[in-house]
Amino acid sequence: MRHVIIGSSAAGISAAREIRRLREDAEIIMISRDGHVHSRCMLHKYISHERDVKGLDFTEDNFFETQRVEYIQNEVISVQEKEKCVVLRTGEEIPYDRLLIASGAQSFIPPVGDLRTAPNVCGMRDLSDAQTIDRMAESADNILVIGAGLVGMDAAYGLLQRGKRVTVLEMSHRILPVQLDAHSAEVYQREFESRGAIFYLGRRLEKTICGVGGQICRVVLDTGENIDCDMIIVAAGVRPAIDFLDNSGVEAGRGVLVDAGLQTNVKDIYAAGDVIGHSAIWPNAVKQGIVAARNMCGMSEKYTDTFNEKNMMNFFGIVTLYLGQICTRRDEVVMTEEDRNVYRRISIRDGKVTGILLQGDISNAGVWQYLIKNQIDISNIKENVFQISYADFFSVKADGEYRWNYQRQAAE
Amino acid sequence: MRRIMIDYEKCDGCKNCSIACMQAHREDEGTIYDLNLTDPRNESRNQILRVKDGTYRPLFCRHCKEPECVMTCMSGALRKDPETGLVTYDETRCAACFMCVMHCPYGTIKPSHSLQKVIKCDFCAEDGYEPNCVKSCPKKAIHVEEVEA
Ligand SMILES: Cc1cc2nc3c(=O)[nH]c(=O)nc-3n(C[C@H](O)[C@H](O)[C@H](O)COP(=O)(O)OP(=O)(O)OC[C@H]3O[C@@H](n4cnc5c(N)ncnc54)[C@H](O)[C@@H]3O)c2cc1C
Ligand code: SF4
Ligand code: SF4
């Protein structure tokens with residue numbers, strides 16, 4: 001049986017590994033645009049020169065040889081459902097028995113001014129983007145980053161480490177608006193500012209002005225303010241990479257549509273990772289890759305770990321984790337605790353945690369993800385809720401693995 | 001695979017295992033008598049916690065069958081070794097993103113004091129995979145057993 005996988009990132013690689021684990025004799029072909037396998041989550045460390053291309057590789061040494069995966073570096077331009085093959089940019093056709101679409105997402109460049117056409121504008125999604133940014137930054141001093149989400153802040157971090165002048169423009173009134181609350185975001189803003197970053201918050205890009213060679217040299221904001229720049233990094237969100245599925249028969253909305261087992265509307269075609277648009281984080285892409293692989297091998301497993309309100313960041317030694325949503329509705333109890341090692345804030349409704357934010361010491365944080373994800377009642381466990389740990393739900397299975405014991409708690 | 005099995009009812013909270021873990025992983029040389037218990041670099045990889053009714057719960061990395069930490073590691077630093085079944089950690093690959101800390105449901109992996117890496121149980125690989133915690137437990141509340149995984 002021949003399994004073809006489009007994409008060599010979180011979802012694609014984990015799927016290949018799982019197919020090989022289950023099927024010693026399967027043929028596995030991976031098609032990807034990437035020249036090197038790389039973890040997108042580490043691109044900022046490439047820009048900052050902390051890591052080289054090899055340092056971004058997240059696979060074990062000789063992955064493709066030991067797992068017997070054939071790698072084709074090429075671009076898929078269409079999928080032919082009837083012929084059961086994919087067509088490459090070079091015209092070649094690759095037949096499949098089972099196909100996994102793990103093509104992820106790509107940067108969205110808003111159609112404002114000349115952002116889409118100017119040669120000194122770049123997204124930050126792939127190693128090739130990071131290499132372009134690295135090259136352009138050689139001769140650029142004033143760099144504008146559009147978007148202060150995680151990717152924008154990653155870009156700003158990498159460039160500040162290179163000693164560049166970085167200006168960050170963000171529509172929202174604070175940085176990391178989706179990822180953090182106002183208090184913890186401000187801590188990062190101050191840190192970035194102390195390292196030279198300039199923030200324009202609560203403003204929009206309205207116009208671009210081009211200079212030599214069609215390069216954008218100045219942008220105009222909705223407030224009338226001007227920012228001069230030598231290059232621009234756009235971190236204004238991503239869109240699932242699905243262009244090659246036009247006319248393929250595979251249904252897509254915002255992302256590829258899949259059932260609970262991650263199969264598309266077309267038999268034998270599966271999809272996993274950012275391309276299905278359910279989440280945009282590494283762990284979920286990996287897990288979806290594993291579930292899709294199992295189903296491609298004839299098992300029937302559902303993808304259930306849909307929780308994706310989880311953010312974790314570590315810039316300049318400031319570590320913050322934010323799980324769920326801290327709400328301040330009337331029926332919500334919000335508690336805060338602060339000492340010199342950590343700032344903690346939690347919100348609880350009807351005995352169940354709705355969100356938690358930890359800045360500083362984040363040990364034990366995974367317990368909170370479990371409690372929020374599974375909506376477990378934590379009433380009457382500890383006087384200080386922040387001291388709750390897995391010990392309060394302790395139970396051991398026959399094989400020595402832990403399991404969660406919370407029925408007892410509820411009954412008490 | 002071999003796993004550290006836990007009989008929590010036998011644990012009387014003496015924390016010998018935690019001290020043994022600190023001693024086994026300390027960076028400097030020395031005996032247990034000069035181990036600096038307050039130096040955060042000497043943190044234990046296991047924890048003994050006391051619950052409401054006054055009894056104890058030993059929290060040790062399970063080297064899980066489907067380890068959350070491995071599935072979330074975006075640098076490839078954490079792996080499930082197909083031969084030994086152990087969840088291994090390669091410090092040189094780690095990007096200190098702490099995704100693993102956010103995902104281990106039991107809180108048995110955490111950022112190091114330096115925030116440059118994480119610390120988790122390595123099954124005392126350097127001591128021939130004979131965990132020092134197990135050797136030090138006077139109550140036999142933990143022992144190593146071959147299990148299906
Ligand atoms: C700068 C940055 C920082 C991030 N930081 C974090 C973080 O800290 N934590 C976190 O959880 N997540 C983070 N993410 C998100 C995370 O990287 C993604 O969720 C994850 O990479 C998704 O994996 P994927 O396999 O679904 O797709 P992608 O990683 O998008 O990979 C898609 C693959 O498909 C290939 N491909 C696409 N189209 C084609 C085609 N037509 N033909 C051939 N090949 C094709 C690509 O080359 C690539 O190999 C970050 C992302 C970025 C960009
Ligand atoms: S660190 Fe946690 S998730 Fe990882 S193997 Fe140990 S117990 Fe399992
Ligand atoms: S902190 Fe290191 S070991 Fe943990 S997920 Fe990140 S890269 Fe992997």
# chains A, B, ... in the order shown; residues from 1 in each chain; ligands from 1

call {"tool": "select_by_dssp", "arguments": {"residues": "range 73-257 of chain A", "states": "alpha helix (DSSP H)", "output": "PyMOL selection string"}}
result
chain A and resi 127-138+150-161+182-194

call {"tool": "interface_residues", "arguments": {"of": "chain B", "to": "chain A", "cutoff": "6 Å", "atoms": "only C-alpha atoms", "output": "list of chain:residue names"}}
result
B:Met5, B:Arg57, B:Arg62, B:Thr72, B:Ser75, B:Gly76, B:Val101, B:Met102, B:His103, B:Cys104, B:Pro105, B:Tyr106, B:Gly107, B:Lys110, B:Val147

call {"tool": "write_last_selection", "arguments": {"atoms": "C-alpha atoms", "output": "PDB file, in the first residue's frame"}}
result
ATOM      1  CA  MET B   5       5.926   1.211  39.980  1.00  0.00           C
ATOM      2  CA  ARG B  57       1.412  10.752  46.718  1.00  0.00           C
ATOM      3  CA  ARG B  62       5.637   7.674  33.897  1.00  0.00           C
ATOM      4  CA  THR B  72       4.264  18.510  21.873  1.00  0.00           C
ATOM      5  CA  SER B  75      12.502  20.672  18.574  1.00  0.00           C
ATOM      6  CA  GLY B  76      12.797  16.893  18.755  1.00  0.00           C
ATOM      7  CA  VAL B 101       5.645  21.658  30.580  1.00  0.00           C
ATOM      8  CA  MET B 102       2.258  22.921  29.462  1.00  0.00           C
ATOM      9  CA  HIS B 103       1.265  19.424  28.368  1.00  0.00           C
ATOM     10  CA  CYS B 104       2.504  16.849  30.879  1.00  0.00           C
ATOM     11  CA  PRO B 105      -0.741  16.216  32.768  1.00  0.00           C
ATOM     12  CA  TYR B 106       1.131  15.214  35.923  1.00  0.00           C
ATOM     13  CA  GLY B 107       3.549  18.110  36.262  1.00  0.00           C
ATOM     14  CA  LYS B 110       9.493  21.533  34.497  1.00  0.00           C
ATOM     15  CA  VAL B 147       5.596  -3.833  32.033  1.00  0.00           C
TER      16      VAL B 147
END

call {"tool": "residues_near_ligand", "arguments": {"ligand": "ligand 1", "cutoff": "6 Å", "atoms": "only C-alpha atoms and all ligand atoms", "output": "VMD selection string"}}
result
chain A and resid 6 to 12 31 to 34 40 to 41 43 74 to 77 102 to 105 124 to 125 151 241 244 273 to 275 280 to 283 285

call {"tool": "write_last_selection", "arguments": {"atoms": "N, CA, C and O atoms", "output": "CSV table (one decimal), in the first residue's frame"}}
result
chain,number,residue,atom,x,y,z
A,6,ILE,N,1.5,15.0,1.9
A,6,ILE,CA,1.9,16.3,1.4
A,6,ILE,C,2.2,17.2,2.6
A,6,ILE,O,1.4,17.5,3.4
A,7,GLY,N,3.5,17.6,2.7
A,7,GLY,CA,3.9,18.4,3.8
A,7,GLY,C,4.9,17.7,4.7
A,7,GLY,O,4.7,16.5,5.0
A,8,SER,N,5.9,18.3,5.2
A,8,SER,CA,7.0,17.7,6.0
A,8,SER,C,7.2,18.4,7.3
A,8,SER,O,8.3,18.7,7.7
A,9,SER,N,6.0,18.8,7.9
A,9,SER,CA,6.1,19.6,9.2
A,9,SER,C,5.5,18.7,10.3
A,9,SER,O,5.5,17.5,10.2
A,10,ALA,N,5.0,19.4,11.3
A,10,ALA,CA,4.5,18.7,12.5
A,10,ALA,C,3.5,17.5,12.1
A,10,ALA,O,3.8,16.4,12.6
A,11,ALA,N,2.5,17.8,11.3
A,11,ALA,CA,1.5,16.8,11.0
A,11,ALA,C,2.1,15.7,10.1
A,11,ALA,O,1.9,14.5,10.3
A,12,GLY,N,2.8,16.1,9.0
A,12,GLY,CA,3.3,15.2,8.1
A,12,GLY,C,4.3,14.2,8.6
A,12,GLY,O,4.2,13.0,8.4
A,31,ILE,N,5.9,14.5,0.1
A,31,ILE,CA,6.2,15.6,-0.9
A,31,ILE,C,6.1,16.9,-0.2
A,31,ILE,O,5.2,17.2,0.5
A,32,SER,N,7.2,17.7,-0.3
A,32,SER,CA,7.2,19.0,0.4
A,32,SER,C,8.0,20.0,-0.3
A,32,SER,O,9.0,19.7,-1.0
A,33,ARG,N,7.6,21.2,-0.2
A,33,ARG,CA,8.3,22.4,-0.8
A,33,ARG,C,9.6,22.6,-0.1
A,33,ARG,O,10.5,23.2,-0.6
A,34,ASP,N,9.6,22.2,1.2
A,34,ASP,CA,10.8,22.6,2.1
A,34,ASP,C,12.1,21.9,1.6
A,34,ASP,O,12.1,20.7,1.4
A,40,ARG,N,8.9,25.3,12.5
A,40,ARG,CA,8.5,26.7,12.3
A,40,ARG,C,8.6,27.5,13.6
A,40,ARG,O,8.8,28.7,13.6
A,41,CYS,N,8.4,26.8,14.7
A,41,CYS,CA,8.4,27.5,16.0
A,41,CYS,C,9.8,28.0,16.4
A,41,CYS,O,9.9,28.7,17.4
A,43,LEU,N,11.9,29.5,14.1
A,43,LEU,CA,12.4,30.4,13.0
A,43,LEU,C,13.1,31.7,13.6
A,43,LEU,O,14.1,32.2,13.1
A,74,ASN,N,9.3,19.2,-3.9
A,74,ASN,CA,8.5,19.7,-5.0
A,74,ASN,C,7.3,20.3,-4.5
A,74,ASN,O,6.9,20.2,-3.3
A,75,GLU,N,6.5,20.9,-5.4
A,75,GLU,CA,5.3,21.5,-5.0
A,75,GLU,C,4.1,20.8,-5.6
A,75,GLU,O,4.1,20.5,-6.8
A,76,VAL,N,3.1,20.4,-4.8
A,76,VAL,CA,1.9,19.8,-5.4
A,76,VAL,C,1.0,20.9,-6.0
A,76,VAL,O,0.7,21.9,-5.3
A,77,ILE,N,0.6,20.7,-7.2
A,77,ILE,CA,-0.2,21.8,-7.8
A,77,ILE,C,-1.7,21.3,-8.0
A,77,ILE,O,-2.6,22.1,-8.1
A,102,ALA,N,-1.2,17.5,4.5
A,102,ALA,CA,-0.7,18.1,5.7
A,102,ALA,C,0.1,19.4,5.3
A,102,ALA,O,1.2,19.6,5.7
A,103,SER,N,-0.6,20.2,4.5
A,103,SER,CA,0.1,21.3,3.8
A,103,SER,C,0.1,22.5,4.7
A,103,SER,O,0.6,23.6,4.3
A,104,GLY,N,-0.5,22.5,5.9
A,104,GLY,CA,-0.4,23.6,6.8
A,104,GLY,C,-1.0,24.8,6.4
A,104,GLY,O,-2.1,24.8,5.8
A,105,ALA,N,-0.4,25.9,6.7
A,105,ALA,CA,-0.9,27.2,6.4
A,105,ALA,C,0.2,28.1,5.9
A,105,ALA,O,1.3,27.8,5.9
A,124,MET,N,6.4,35.4,7.6
A,124,MET,CA,7.3,34.6,8.4
A,124,MET,C,6.6,33.3,8.7
A,124,MET,O,6.0,33.1,9.7
A,125,ARG,N,6.8,32.3,7.8
A,125,ARG,CA,6.1,31.0,8.0
A,125,ARG,C,7.1,29.9,7.8
A,125,ARG,O,7.1,28.9,8.5
A,151,VAL,N,3.8,35.4,16.2
A,151,VAL,CA,4.7,35.4,15.1
A,151,VAL,C,5.4,36.8,14.9
A,151,VAL,O,6.6,36.9,14.8
A,241,ALA,N,-3.3,26.3,3.6
A,241,ALA,CA,-2.7,26.2,2.3
A,241,ALA,C,-3.5,25.2,1.4
A,241,ALA,O,-3.2,24.0,1.5
A,244,PHE,N,-4.1,24.3,-4.0
A,244,PHE,CA,-3.9,23.2,-5.0
A,244,PHE,C,-5.1,22.2,-5.0
A,244,PHE,O,-5.1,21.3,-5.8
A,273,GLY,N,-3.5,18.8,10.7
A,273,GLY,CA,-2.7,19.9,11.0
A,273,GLY,C,-3.4,21.3,10.7
A,273,GLY,O,-4.6,21.3,10.6
A,274,ASP,N,-2.6,22.3,10.6
A,274,ASP,CA,-3.1,23.7,10.4
A,274,ASP,C,-4.0,23.8,9.2
A,274,ASP,O,-4.9,24.6,9.1
A,275,VAL,N,-3.9,22.9,8.2
A,275,VAL,CA,-4.6,22.9,7.0
A,275,VAL,C,-6.1,22.7,7.2
A,275,VAL,O,-7.0,23.1,6.4
A,280,ALA,N,-4.0,26.2,15.3
A,280,ALA,CA,-2.8,26.7,14.6
A,280,ALA,C,-1.6,26.5,15.6
A,280,ALA,O,-0.7,27.4,15.7
A,281,ILE,N,-1.6,25.4,16.2
A,281,ILE,CA,-0.5,25.1,17.1
A,281,ILE,C,0.1,23.7,16.9
A,281,ILE,O,-0.5,22.8,16.5
A,282,TRP,N,1.4,23.6,17.2
A,282,TRP,CA,2.2,22.5,16.9
A,282,TRP,C,1.6,21.2,17.5
A,282,TRP,O,1.5,20.2,16.8
A,283,PRO,N,1.3,21.1,18.9
A,283,PRO,CA,0.9,19.9,19.5
A,283,PRO,C,-0.3,19.3,18.8
A,283,PRO,O,-0.4,18.1,18.6
A,285,ALA,N,-1.3,19.7,15.7
A,285,ALA,CA,-0.9,19.2,14.4
A,285,ALA,C,-0.3,17.8,14.5
A,285,ALA,O,-0.6,16.9,13.7

call {"tool": "residues_near_ligand", "arguments": {"ligand": "ligand 3", "cutoff": "7 Å", "atoms": "only C-alpha atoms and all ligand atoms", "output": "NGL selection string"}}
result
:B and (69 or 72-78 or 89 or 93-101 or 117-118)

call {"tool": "write_last_selection", "arguments": {"atoms": "all heavy atoms", "output": "CSV table (one decimal), in the first residue's frame"}}
result
chain,number,residue,atom,x,y,z
B,69,CYS,N,4.4,15.0,26.5
B,69,CYS,CA,5.5,15.9,26.3
B,69,CYS,C,6.2,15.6,25.0
B,69,CYS,O,6.6,16.6,24.4
B,69,CYS,CB,6.5,15.6,27.5
B,69,CYS,SG,7.1,13.9,27.6
B,72,THR,N,4.3,17.1,22.0
B,72,THR,CA,4.3,18.5,21.9
B,72,THR,C,5.6,19.1,21.7
B,72,THR,O,5.7,20.3,21.5
B,72,THR,CB,3.6,19.1,23.1
B,72,THR,OG1,4.4,18.7,24.3
B,72,THR,CG2,2.2,18.6,23.3
B,73,CYS,N,6.7,18.3,21.7
B,73,CYS,CA,8.0,18.9,21.6
B,73,CYS,C,8.3,19.3,20.2
B,73,CYS,O,8.4,18.5,19.3
B,73,CYS,CB,9.1,17.9,22.1
B,73,CYS,SG,10.7,18.6,22.0
B,74,MET,N,8.6,20.6,20.0
B,74,MET,CA,8.7,21.1,18.6
B,74,MET,C,10.2,21.1,18.1
B,74,MET,O,10.4,21.6,17.0
B,74,MET,CB,8.0,22.4,18.4
B,74,MET,CG,8.3,23.4,19.5
B,74,MET,SD,10.0,24.0,19.3
B,74,MET,CE,9.8,25.7,19.9
B,75,SER,N,11.1,20.7,19.0
B,75,SER,CA,12.5,20.7,18.6
B,75,SER,C,13.0,19.3,18.4
B,75,SER,O,14.2,19.1,17.9
B,75,SER,CB,13.3,21.4,19.6
B,75,SER,OG,13.4,20.5,20.8
B,76,GLY,N,12.3,18.3,18.8
B,76,GLY,CA,12.8,16.9,18.8
B,76,GLY,C,13.7,16.5,19.9
B,76,GLY,O,14.3,15.5,19.9
B,77,ALA,N,13.7,17.4,21.0
B,77,ALA,CA,14.5,17.1,22.1
B,77,ALA,C,14.0,15.9,22.9
B,77,ALA,O,14.8,15.1,23.5
B,77,ALA,CB,14.6,18.3,23.0
B,78,LEU,N,12.7,15.8,23.0
B,78,LEU,CA,12.1,14.7,23.7
B,78,LEU,C,11.6,13.6,22.8
B,78,LEU,O,11.0,13.9,21.7
B,78,LEU,CB,10.8,15.2,24.5
B,78,LEU,CG,11.1,16.1,25.7
B,78,LEU,CD1,9.9,16.9,26.1
B,78,LEU,CD2,11.6,15.3,26.9
B,89,TYR,N,15.6,12.8,26.8
B,89,TYR,CA,15.6,14.3,26.6
B,89,TYR,C,17.0,14.7,26.2
B,89,TYR,O,18.0,14.3,26.8
B,89,TYR,CB,15.3,15.0,27.9
B,89,TYR,CG,15.5,16.5,27.9
B,89,TYR,CD1,14.9,17.3,27.0
B,89,TYR,CD2,16.4,17.0,28.8
B,89,TYR,CE1,15.1,18.7,27.0
B,89,TYR,CE2,16.6,18.4,28.9
B,89,TYR,CZ,16.0,19.2,28.0
B,89,TYR,OH,16.2,20.6,28.0
B,93,ARG,N,19.2,19.9,21.8
B,93,ARG,CA,18.2,20.2,20.9
B,93,ARG,C,17.2,21.2,21.4
B,93,ARG,O,16.5,21.9,20.7
B,93,ARG,CB,17.5,19.0,20.4
B,93,ARG,CG,18.2,18.2,19.3
B,93,ARG,CD,17.3,17.0,19.0
B,93,ARG,NE,17.8,16.2,17.9
B,93,ARG,CZ,17.4,16.2,16.7
B,93,ARG,NH1,16.4,17.0,16.4
B,93,ARG,NH2,17.9,15.5,15.7
B,94,CYS,N,17.0,21.2,22.7
B,94,CYS,CA,15.9,21.9,23.4
B,94,CYS,C,15.9,23.4,23.1
B,94,CYS,O,16.9,24.0,23.2
B,94,CYS,CB,15.9,21.6,24.9
B,94,CYS,SG,14.7,22.5,25.8
B,95,ALA,N,14.7,23.9,22.8
B,95,ALA,CA,14.6,25.3,22.5
B,95,ALA,C,14.0,26.1,23.6
B,95,ALA,O,13.7,27.3,23.5
B,95,ALA,CB,13.8,25.5,21.2
B,96,ALA,N,13.8,25.4,24.8
B,96,ALA,CA,13.3,26.1,26.0
B,96,ALA,C,11.9,26.8,25.7
B,96,ALA,O,11.7,27.9,26.2
B,96,ALA,CB,14.3,27.0,26.6
B,97,CYS,N,11.1,26.1,24.9
B,97,CYS,CA,9.8,26.7,24.6
B,97,CYS,C,8.8,26.4,25.6
B,97,CYS,O,7.7,27.0,25.8
B,97,CYS,CB,9.3,26.3,23.2
B,97,CYS,SG,8.8,24.5,23.2
B,98,PHE,N,9.0,25.3,26.4
B,98,PHE,CA,8.2,24.8,27.5
B,98,PHE,C,6.8,24.3,27.1
B,98,PHE,O,5.9,24.3,27.9
B,98,PHE,CB,8.1,25.9,28.6
B,98,PHE,CG,9.5,26.3,29.1
B,98,PHE,CD1,9.8,27.6,29.4
B,98,PHE,CD2,10.5,25.3,29.2
B,98,PHE,CE1,11.1,28.0,29.8
B,98,PHE,CE2,11.8,25.7,29.7
B,98,PHE,CZ,12.0,27.0,30.0
B,99,MET,N,6.6,24.0,25.8
B,99,MET,CA,5.4,23.4,25.4
B,99,MET,C,5.2,22.1,26.2
B,99,MET,O,4.0,21.7,26.5
B,99,MET,CB,5.4,23.1,23.9
B,99,MET,CG,5.4,24.3,23.0
B,99,MET,SD,4.0,25.3,23.1
B,99,MET,CE,2.8,24.3,22.2
B,100,CYS,N,6.2,21.4,26.4
B,100,CYS,CA,6.1,20.1,27.2
B,100,CYS,C,5.6,20.3,28.6
B,100,CYS,O,4.8,19.5,29.1
B,100,CYS,CB,7.5,19.4,27.2
B,100,CYS,SG,8.8,20.4,27.8
B,101,VAL,N,6.1,21.4,29.2
B,101,VAL,CA,5.6,21.7,30.6
B,101,VAL,C,4.1,21.9,30.6
B,101,VAL,O,3.4,21.5,31.5
B,101,VAL,CB,6.4,22.9,31.1
B,101,VAL,CG1,5.9,23.2,32.5
B,101,VAL,CG2,7.9,22.6,31.1
B,117,LYS,N,16.6,25.1,29.9
B,117,LYS,CA,16.2,23.7,29.5
B,117,LYS,C,15.1,23.2,30.5
B,117,LYS,O,14.6,24.0,31.2
B,117,LYS,CB,17.5,22.9,29.7
B,117,LYS,CG,18.1,22.9,31.0
B,117,LYS,CD,19.3,22.0,31.2
B,117,LYS,CE,19.9,22.1,32.5
B,117,LYS,NZ,21.0,21.2,32.8
B,118,VAL,N,14.8,21.9,30.3
B,118,VAL,CA,13.8,21.4,31.3
B,118,VAL,C,14.5,20.3,32.1
B,118,VAL,O,15.5,19.7,31.7
B,118,VAL,CB,12.6,20.8,30.5
B,118,VAL,CG1,11.8,21.9,29.9
B,118,VAL,CG2,13.0,19.8,29.5

call {"tool": "closest_residue", "arguments": {"among": "A:Val342, A:Met171, A:Met296, A:Met335", "to": "Ala26 in chain A", "atoms": "only C-alpha atoms"}}
result
A:Met296

call {"tool": "closest_residue", "arguments": {"among": "B:Cys124, B:Ile109, B:Cys14, B:Val51", "to": "ligand 2", "atoms": "only C-alpha atoms and all ligand atoms"}}
result
B:Ile109

call {"tool": "select_by_dssp", "arguments": {"residues": "chain B", "states": "strand (DSSP E)", "output": "MDAnalysis selection string"}}
result
chainID B and resid 2:6 47:50 56:59 78:80 87:89 110:111 118:119 142:146

call {"tool": "write_last_selection", "arguments": {"atoms": "C-alpha atoms", "output": "mmCIF file, in the first residue's frame"}}
result
data_model
loop_
_atom_site.group_PDB
_atom_site.id
_atom_site.type_symbol
_atom_site.label_atom_id
_atom_site.label_comp_id
_atom_site.auth_asym_id
_atom_site.auth_seq_id
_atom_site.Cartn_x
_atom_site.Cartn_y
_atom_site.Cartn_z
ATOM 1 C CA ARG B 2 10.822 -1.069 32.700
ATOM 2 C CA ARG B 3 8.800 1.352 34.811
ATOM 3 C CA ILE B 4 9.027 2.648 38.362
ATOM 4 C CA MET B 5 5.926 1.211 39.980
ATOM 5 C CA ILE B 6 4.307 3.104 42.849
ATOM 6 C CA GLN B 47 7.974 15.020 44.098
ATOM 7 C CA ILE B 48 6.259 13.637 47.159
ATOM 8 C CA LEU B 49 3.104 15.571 47.917
ATOM 9 C CA ARG B 50 0.822 15.416 50.882
ATOM 10 C CA TYR B 56 1.386 11.002 50.502
ATOM 11 C CA ARG B 57 1.412 10.752 46.718
ATOM 12 C CA PRO B 58 4.674 10.083 44.896
ATOM 13 C CA LEU B 59 4.782 11.891 41.553
ATOM 14 C CA LEU B 78 12.070 14.683 23.741
ATOM 15 C CA ARG B 79 11.603 11.230 22.256
ATOM 16 C CA LYS B 80 10.069 7.928 23.166
ATOM 17 C CA VAL B 87 11.198 9.121 27.260
ATOM 18 C CA THR B 88 14.606 10.641 26.654
ATOM 19 C CA TYR B 89 15.639 14.290 26.612
ATOM 20 C CA LYS B 110 9.493 21.533 34.497
ATOM 21 C CA PRO B 111 11.717 24.412 33.436
ATOM 22 C CA VAL B 118 13.796 21.394 31.255
ATOM 23 C CA ILE B 119 14.345 18.772 33.913
ATOM 24 C CA ILE B 142 8.594 2.332 44.605
ATOM 25 C CA HIS B 143 10.145 -0.498 42.647
ATOM 26 C CA VAL B 144 11.136 -1.190 39.043
ATOM 27 C CA GLU B 145 9.088 -3.645 37.075
ATOM 28 C CA GLU B 146 8.971 -4.852 33.473
#

call {"tool": "atom_distance", "arguments": {"atom1": "CA of Leu37 in chain B", "atom2": "CA of Cys64 in chain B"}}
result
29.0 Å

call {"tool": "residues_around", "arguments": {"residues": "Glu225 in chain A", "least_positions_apart": "3", "cutoff": "10 Å", "atoms": "only C-alpha atoms", "output": "list of chain:residue names"}}
result
A:Tyr200, A:Arg203, A:Leu205, A:Glu206, A:Val219, A:Val220, A:Leu221, A:Asp222

call {"tool": "atom_distance", "arguments": {"atom1": "CA of Asn120 in chain A", "atom2": "CA of Ile133 in chain A"}}
result
9.1 Å

call {"tool": "closest_residue", "arguments": {"among": "B:Thr38, B:Ser44, B:Phe60, B:Glu66", "to": "Ile19 in chain B", "atoms": "only C-alpha atoms"}}
result
B:Ser44

call {"tool": "residues_around", "arguments": {"residues": "Gly113 in chain A", "least_positions_apart": "2", "cutoff": "7 Å", "atoms": "only C-alpha atoms", "output": "MDAnalysis selection string"}}
result
chainID A and resid 111 115 207:208

call {"tool": "atom_distance", "arguments": {"atom1": "CA of Asn384 in chain A", "atom2": "CA of Glu332 in chain A"}}
result
16.7 Å

call {"tool": "residues_around", "arguments": {"residues": "Met1 in chain B", "least_positions_apart": "3", "cutoff": "8 Å", "atoms": "only C-alpha atoms", "output": "list in words"}}
result
Thr84, Gly85, Leu86, Glu146, Val147, Glu148 and Ala149 of chain B

call {"tool": "write_last_selection", "arguments": {"atoms": "all heavy atoms", "output": "mmCIF file, in the first residue's frame"}}
result
data_model
loop_
_atom_site.group_PDB
_atom_site.id
_atom_site.type_symbol
_atom_site.label_atom_id
_atom_site.label_comp_id
_atom_site.auth_asym_id
_atom_site.auth_seq_id
_atom_site.Cartn_x
_atom_site.Cartn_y
_atom_site.Cartn_z
ATOM 1 N N THR B 84 13.880 0.991 24.522
ATOM 2 C CA THR B 84 13.758 0.915 25.984
ATOM 3 C C THR B 84 12.387 1.379 26.479
ATOM 4 O O THR B 84 12.024 1.123 27.621
ATOM 5 C CB THR B 84 14.805 1.815 26.664
ATOM 6 O OG1 THR B 84 14.556 3.166 26.246
ATOM 7 C CG2 THR B 84 16.214 1.427 26.277
ATOM 8 N N GLY B 85 11.652 2.098 25.629
ATOM 9 C CA GLY B 85 10.367 2.629 26.064
ATOM 10 C C GLY B 85 10.508 3.903 26.899
ATOM 11 O O GLY B 85 9.508 4.517 27.279
ATOM 12 N N LEU B 86 11.748 4.309 27.180
ATOM 13 C CA LEU B 86 11.939 5.494 28.021
ATOM 14 C C LEU B 86 11.748 6.778 27.212
ATOM 15 O O LEU B 86 11.979 6.808 26.011
ATOM 16 C CB LEU B 86 13.349 5.487 28.629
ATOM 17 C CG LEU B 86 13.627 4.342 29.596
ATOM 18 C CD1 LEU B 86 15.079 4.396 30.062
ATOM 19 C CD2 LEU B 86 12.683 4.405 30.791
ATOM 20 N N GLU B 146 9.131 -4.755 34.917
ATOM 21 C CA GLU B 146 8.971 -4.852 33.473
ATOM 22 C C GLU B 146 7.466 -4.843 33.172
ATOM 23 O O GLU B 146 6.733 -5.668 33.703
ATOM 24 C CB GLU B 146 9.619 -6.171 33.008
ATOM 25 C CG GLU B 146 9.622 -6.417 31.518
ATOM 26 C CD GLU B 146 10.581 -5.513 30.749
ATOM 27 O OE1 GLU B 146 11.675 -5.212 31.269
ATOM 28 O OE2 GLU B 146 10.212 -5.093 29.633
ATOM 29 N N VAL B 147 7.024 -3.883 32.362
ATOM 30 C CA VAL B 147 5.596 -3.833 32.033
ATOM 31 C C VAL B 147 5.409 -3.766 30.521
ATOM 32 O O VAL B 147 6.315 -3.424 29.780
ATOM 33 C CB VAL B 147 4.871 -2.614 32.671
ATOM 34 C CG1 VAL B 147 4.816 -2.730 34.175
ATOM 35 C CG2 VAL B 147 5.515 -1.305 32.230
ATOM 36 N N GLU B 148 4.216 -4.084 30.111
ATOM 37 C CA GLU B 148 3.800 -3.987 28.712
ATOM 38 C C GLU B 148 3.633 -2.501 28.361
ATOM 39 O O GLU B 148 2.929 -1.798 29.070
ATOM 40 C CB GLU B 148 2.451 -4.705 28.609
ATOM 41 C CG GLU B 148 1.998 -5.147 27.250
ATOM 42 C CD GLU B 148 2.826 -6.270 26.661
ATOM 43 O OE1 GLU B 148 3.197 -7.220 27.388
ATOM 44 O OE2 GLU B 148 3.083 -6.170 25.461
ATOM 45 N N ALA B 149 4.284 -2.021 27.307
ATOM 46 C CA ALA B 149 4.035 -0.629 26.892
ATOM 47 C C ALA B 149 4.458 -0.399 25.450
ATOM 48 O O ALA B 149 5.357 -1.038 24.971
ATOM 49 C CB ALA B 149 4.765 0.350 27.786
#
